[in-house]
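Visitor: Just passing along the structure, written as structure tokens.
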Amino acid sequence: MRLWVNKVAIILSTATALLGLLFLGWILFTLVIKGVSSLSPYIFTHDLINNGIRNLLWGQFVLAGLASIIGIPVGILAGIYLQEYGNHTRYANFIRDLSDVMMSAPSIVVGTFIYAVIVVPVGHTNGWAGIAALFVMMLPIVVRTTDDMLSLVPIELREAGIAIGAPKYHVIFHIILKAAKVGIMTGLILAFARIMGETAPLLYTSGSSIYMSSGLSETYPSMTVSIYNLATMPSEELVGLAWAAALILTLVVLVLNLLGRFLIKDKRL
């Protein structure tokens, strides 16, 4: 009886996995077919007002990049505190639980929160609000990754550093972080890939501009929000541009995820 139950479970598991892969392949196939047909060098050299995506690429990388510049140091330092100083105190465990809750929070909730605390007082969408939303989404991932990776470092490395008279901060930054750098780097890349593909938080915060912009105090261009807007346009050319932008964004996120997986296997980093 148990043998039959095991076979049925294996068959059902395999069937559901194949079903999921079928739909995923269908989505990717449709994206490639429709996206490639609209790809051309022209769209990379012109802004959205001229049926290009140059300003969208610029805006997406600026928002995600600045959010990472702020979020990565803060998240790593917070993870170091939790593991090396907080240990398992009640306060540290509360921060860990809060980080887990923030990781599972819907992105639209984050966008609504930033909208209420930044966009509403200012009176209009702006780039800084978009950066703040992506920062809030990235921070718990970096904190949790750093905390978990540092917990895997053997206690003997800490004891060896302290035994030779090195101060604790020196042991942390020159011994422990170096031992955990592969896992931490992987988490940072995956966190960046996560915020690169977010739409909902930017919809309420940065808005969507059709112009190339260097000022973050006004409505700022982003690829994800523009894909949403272009896909609802009556013009077939603009819908095709949305497919091309979606394909490019998918390839960027795919490359970042593959890089993260590669770093997991490459222990020589």
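Just so we're on the same page: first chain in the structure tokens is A, next is B, and so on; residues restart at 1 for each chain, and ligands are numbered from 1 in the order they show up.
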Residues within 10 Å of Ile49 in chain A, please, as a list of chain:residue names. Count only C-alpha atoms; anything in the same chain fewer than 2 positions from it doesn't count.
Guide: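 The neighbour list is A:His46, A:Asp47, A:Asn51, A:Gly52, A:Ile53, A:Asn55, A:Ser209, A:Ile210, A:Tyr211, A:Met212.
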Visitor: Just the helix (DSSP H, G or I) stuff from range 31-140 of chain A, please, per backbone DSSP, written as a PyMOL selection string.
Guide: chain A and resi 31-36+41-45+48-50+54-86+90-104+107-122+127-140
Visitor: Can you pull out every residue within 10 Å of Ile70 in chain A, counting only C-alpha atoms, but drop anything in the same chain fewer than 5 positions away, and send it as a list in words?
Guide: Gly65, Gly75, Ile131, Ala132, Phe135, Met138 and Leu139 of chain A
Visitor: Take the residues from that selection and put them in a file with C-alpha atoms, as a PDB file, in the first residue's frame.
Guide:
ATOM      1  CA  GLY A  65      21.194  51.426  -8.330  1.00  0.00           C
ATOM      2  CA  GLY A  75      21.541  45.925   5.402  1.00  0.00           C
ATOM      3  CA  ILE A 131      14.199  54.909  -4.467  1.00  0.00           C
ATOM      4  CA  ALA A 132      12.738  54.806  -0.958  1.00  0.00           C
ATOM      5  CA  PHE A 135      15.138  50.495  -0.550  1.00  0.00           C
ATOM      6  CA  MET A 138      15.656  45.423  -0.626  1.00  0.00           C
ATOM      7  CA  LEU A 139      16.683  46.043   2.984  1.00  0.00           C
TER       8      LEU A 139
END
Visitor: Quick one: residues within 10 Å of range 175-178 of chain A, only C-alpha atoms, excluding same-chain residues fewer than 3 positions away - as an MDAnalysis selection string?
Guide: chainID A and resid 76 80 84 146 149:155 157:158 160:161 169:172 181:184 269
Visitor: Can you write just those residues out, N, CA and C atoms, as a tab-separated table (two decimals), in the first residue's frame?
Guide:
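Wrote it out as part.tsv, contents follow:
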chain	number	residue	atom	x	y	z
A	76	ILE	N	23.87	45.24	5.36
A	76	ILE	CA	25.02	44.44	5.82
A	76	ILE	C	25.37	44.79	7.25
A	80	ILE	N	25.30	42.30	10.41
A	80	ILE	CA	26.46	42.11	11.28
A	80	ILE	C	26.07	42.32	12.74
A	84	GLU	N	26.65	39.28	15.24
A	84	GLU	CA	27.88	39.41	16.00
A	84	GLU	C	27.70	40.14	17.33
A	146	THR	N	22.70	38.47	5.08
A	146	THR	CA	23.93	38.69	5.84
A	146	THR	C	23.90	37.95	7.17
A	149	MET	N	24.27	34.12	6.49
A	149	MET	CA	25.60	33.73	6.01
A	149	MET	C	26.65	33.83	7.12
A	150	LEU	N	26.55	34.86	7.95
A	150	LEU	CA	27.50	34.99	9.05
A	150	LEU	C	27.30	33.89	10.09
A	151	SER	N	26.08	33.42	10.23
A	151	SER	CA	25.82	32.35	11.20
A	151	SER	C	26.46	31.03	10.78
A	152	LEU	N	26.80	30.90	9.49
A	152	LEU	CA	27.43	29.67	8.99
A	152	LEU	C	28.93	29.67	9.15
A	153	VAL	N	29.52	30.81	9.49
A	153	VAL	CA	30.97	30.89	9.69
A	153	VAL	C	31.33	30.18	10.99
A	154	PRO	N	32.27	29.25	10.97
A	154	PRO	CA	32.62	28.50	12.19
A	154	PRO	C	33.07	29.42	13.32
A	155	ILE	N	32.70	29.09	14.53
A	155	ILE	CA	33.06	29.88	15.70
A	155	ILE	C	34.57	29.89	15.92
A	157	LEU	N	36.89	30.44	13.78
A	157	LEU	CA	37.51	31.58	13.12
A	157	LEU	C	37.45	32.83	14.00
A	158	ARG	N	36.33	33.00	14.67
A	158	ARG	CA	36.20	34.15	15.58
A	158	ARG	C	37.17	34.01	16.75
A	160	ALA	N	39.92	32.31	16.83
A	160	ALA	CA	41.33	32.43	16.39
A	160	ALA	C	41.71	33.89	16.26
A	161	GLY	N	40.82	34.71	15.71
A	161	GLY	CA	41.11	36.14	15.57
A	161	GLY	C	41.25	36.83	16.91
A	169	TYR	N	36.06	44.37	15.74
A	169	TYR	CA	35.69	44.90	14.43
A	169	TYR	C	36.64	44.41	13.35
A	170	HIS	N	37.93	44.22	13.72
A	170	HIS	CA	38.92	43.72	12.77
A	170	HIS	C	38.61	42.26	12.43
A	171	VAL	N	38.24	41.49	13.41
A	171	VAL	CA	37.88	40.08	13.18
A	171	VAL	C	36.67	40.00	12.26
A	172	ILE	N	35.67	40.87	12.48
A	172	ILE	CA	34.45	40.84	11.68
A	172	ILE	C	34.73	41.19	10.23
A	181	LYS	N	31.71	35.86	2.20
A	181	LYS	CA	31.50	36.81	1.11
A	181	LYS	C	30.75	36.21	-0.08
A	182	VAL	N	30.93	34.90	-0.35
A	182	VAL	CA	30.24	34.28	-1.49
A	182	VAL	C	28.74	34.31	-1.27
A	183	GLY	N	28.29	33.87	-0.10
A	183	GLY	CA	26.85	33.86	0.19
A	183	GLY	C	26.26	35.25	0.25
A	184	ILE	N	26.99	36.18	0.86
A	184	ILE	CA	26.50	37.55	0.95
A	184	ILE	C	26.38	38.17	-0.43
A	269	LEU	N	35.54	32.79	-5.23
A	269	LEU	CA	35.33	34.26	-5.21
A	269	LEU	C	35.92	34.87	-3.95
Visitor: Would you compute the distance between CA of Asn93 in chain A and CA of Thr145 in chain A? Give it in Å to one decimal.
Guide: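 The value is 14.8 Å.
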Visitor: Using only C-alpha atoms, can you tell me which of A:Ile72, A:Ala17, A:Leu56, A:Arg144 comes closest to Arg96 in chain A?
Guide: A:Arg144
Visitor: Would you pick out the contacts of range 110-123 of chain A at 9 Å or less, using only C-alpha atoms, so that residues sharing its chain but fewer than 6 positions from it are not included, and give the list as a ChimeraX atom specification?
Guide: /A:102,129-130,132-134,136-137,200-206
Visitor: Could you give me, as JSON lines, a per-residue list for range 14-126 of chain A showing, wherever an atom lies at most 10 Å from an atom of range 249-254 of chain A, the closest pair of atoms and their distance in Å to one decimal, using only C-alpha atoms and sorting by chain then residue number from low to high?
Guide:
{"residue": "A:Leu28", "atom": "CA", "partner": "A:Thr250", "partner_atom": "CA", "distance": 9.1}
{"residue": "A:Leu31", "atom": "CA", "partner": "A:Thr250", "partner_atom": "CA", "distance": 9.0}
{"residue": "A:Val32", "atom": "CA", "partner": "A:Thr250", "partner_atom": "CA", "distance": 9.8}
{"residue": "A:Leu57", "atom": "CA", "partner": "A:Leu249", "partner_atom": "CA", "distance": 8.8}
{"residue": "A:Gln60", "atom": "CA", "partner": "A:Leu249", "partner_atom": "CA", "distance": 9.5}
Visitor: Applying 8 Å and only C-alpha atoms, which residues near Ser213 in chain A remain after dropping the ones on its own chain fewer than 3 positions away? List them as a list in words.
Guide: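 The residues satisfying every condition are Asn55, Gly59, Leu216, Tyr220 and Pro221 of chain A.
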Visitor: Write the residues of the preceding selection, restricted to C-alpha atoms, as a CSV table (one decimal), in the first residue's frame.
Guide:
chain,number,residue,atom,x,y,z
A,55,ASN,CA,15.0,56.9,-20.8
A,59,GLY,CA,15.5,55.4,-15.0
A,216,LEU,CA,15.0,63.0,-8.9
A,220,TYR,CA,10.9,59.8,-13.0
A,221,PRO,CA,11.0,57.3,-15.8
Visitor: Given only C-alpha atoms as the basis, pick out the residue of A:Gly79, A:Gly240, A:Pro41, A:Gly127 nearest to Pro140 in chain A.
Guide: A:Gly79
Visitor: Given the choices A:Ala9, A:Val239, A:Ala64, A:Ser37, which gets closest to Ile189 in chain A if the distance is worked out from only C-alpha atoms?
Guide: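 With only C-alpha atoms as the atom set, the closest residue is A:Ala64.
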Visitor: When you count only C-alpha atoms, which of these residues is closest to Glu198 in chain A: A:Ala231, A:Leu256, A:Val36, A:Ile108?
Guide: A:Ile108
Visitor: Which distance in Å separates CA of Ser222 in chain A and CA of Phe23 in chain A, to one decimal?
Guide: 27.4 Å
Visitor: List the spatial neighbours of Leu238 in chain A as a list of chain:residue names - criterion: any atom at most 12 Å away, only C-alpha atoms, same-chain residues fewer than 3 positions off excluded.
Guide: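 Here the qualifying residues turn out to be A:Gly35, A:Ser38, A:Ile43, A:Leu48, A:Ile49, A:Asn50, A:Asn51, A:Gly52, A:Ile53, A:Ser226, A:Ile227, A:Tyr228, A:Asn229, A:Leu230, A:Ala231, A:Thr232, A:Met233, A:Pro234, A:Ser235, A:Leu241, A:Ala242, A:Trp243, A:Ala244, A:Ala245.
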Visitor: For a quick check of understanding, using only C-alpha atoms, which of A:Lys7, A:Arg90, A:Arg261, A:His124 has the smallest distance to Thr219 in chain A?
Guide: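 Checking each candidate against Thr219 in chain A, we get A:His124 as the closest.
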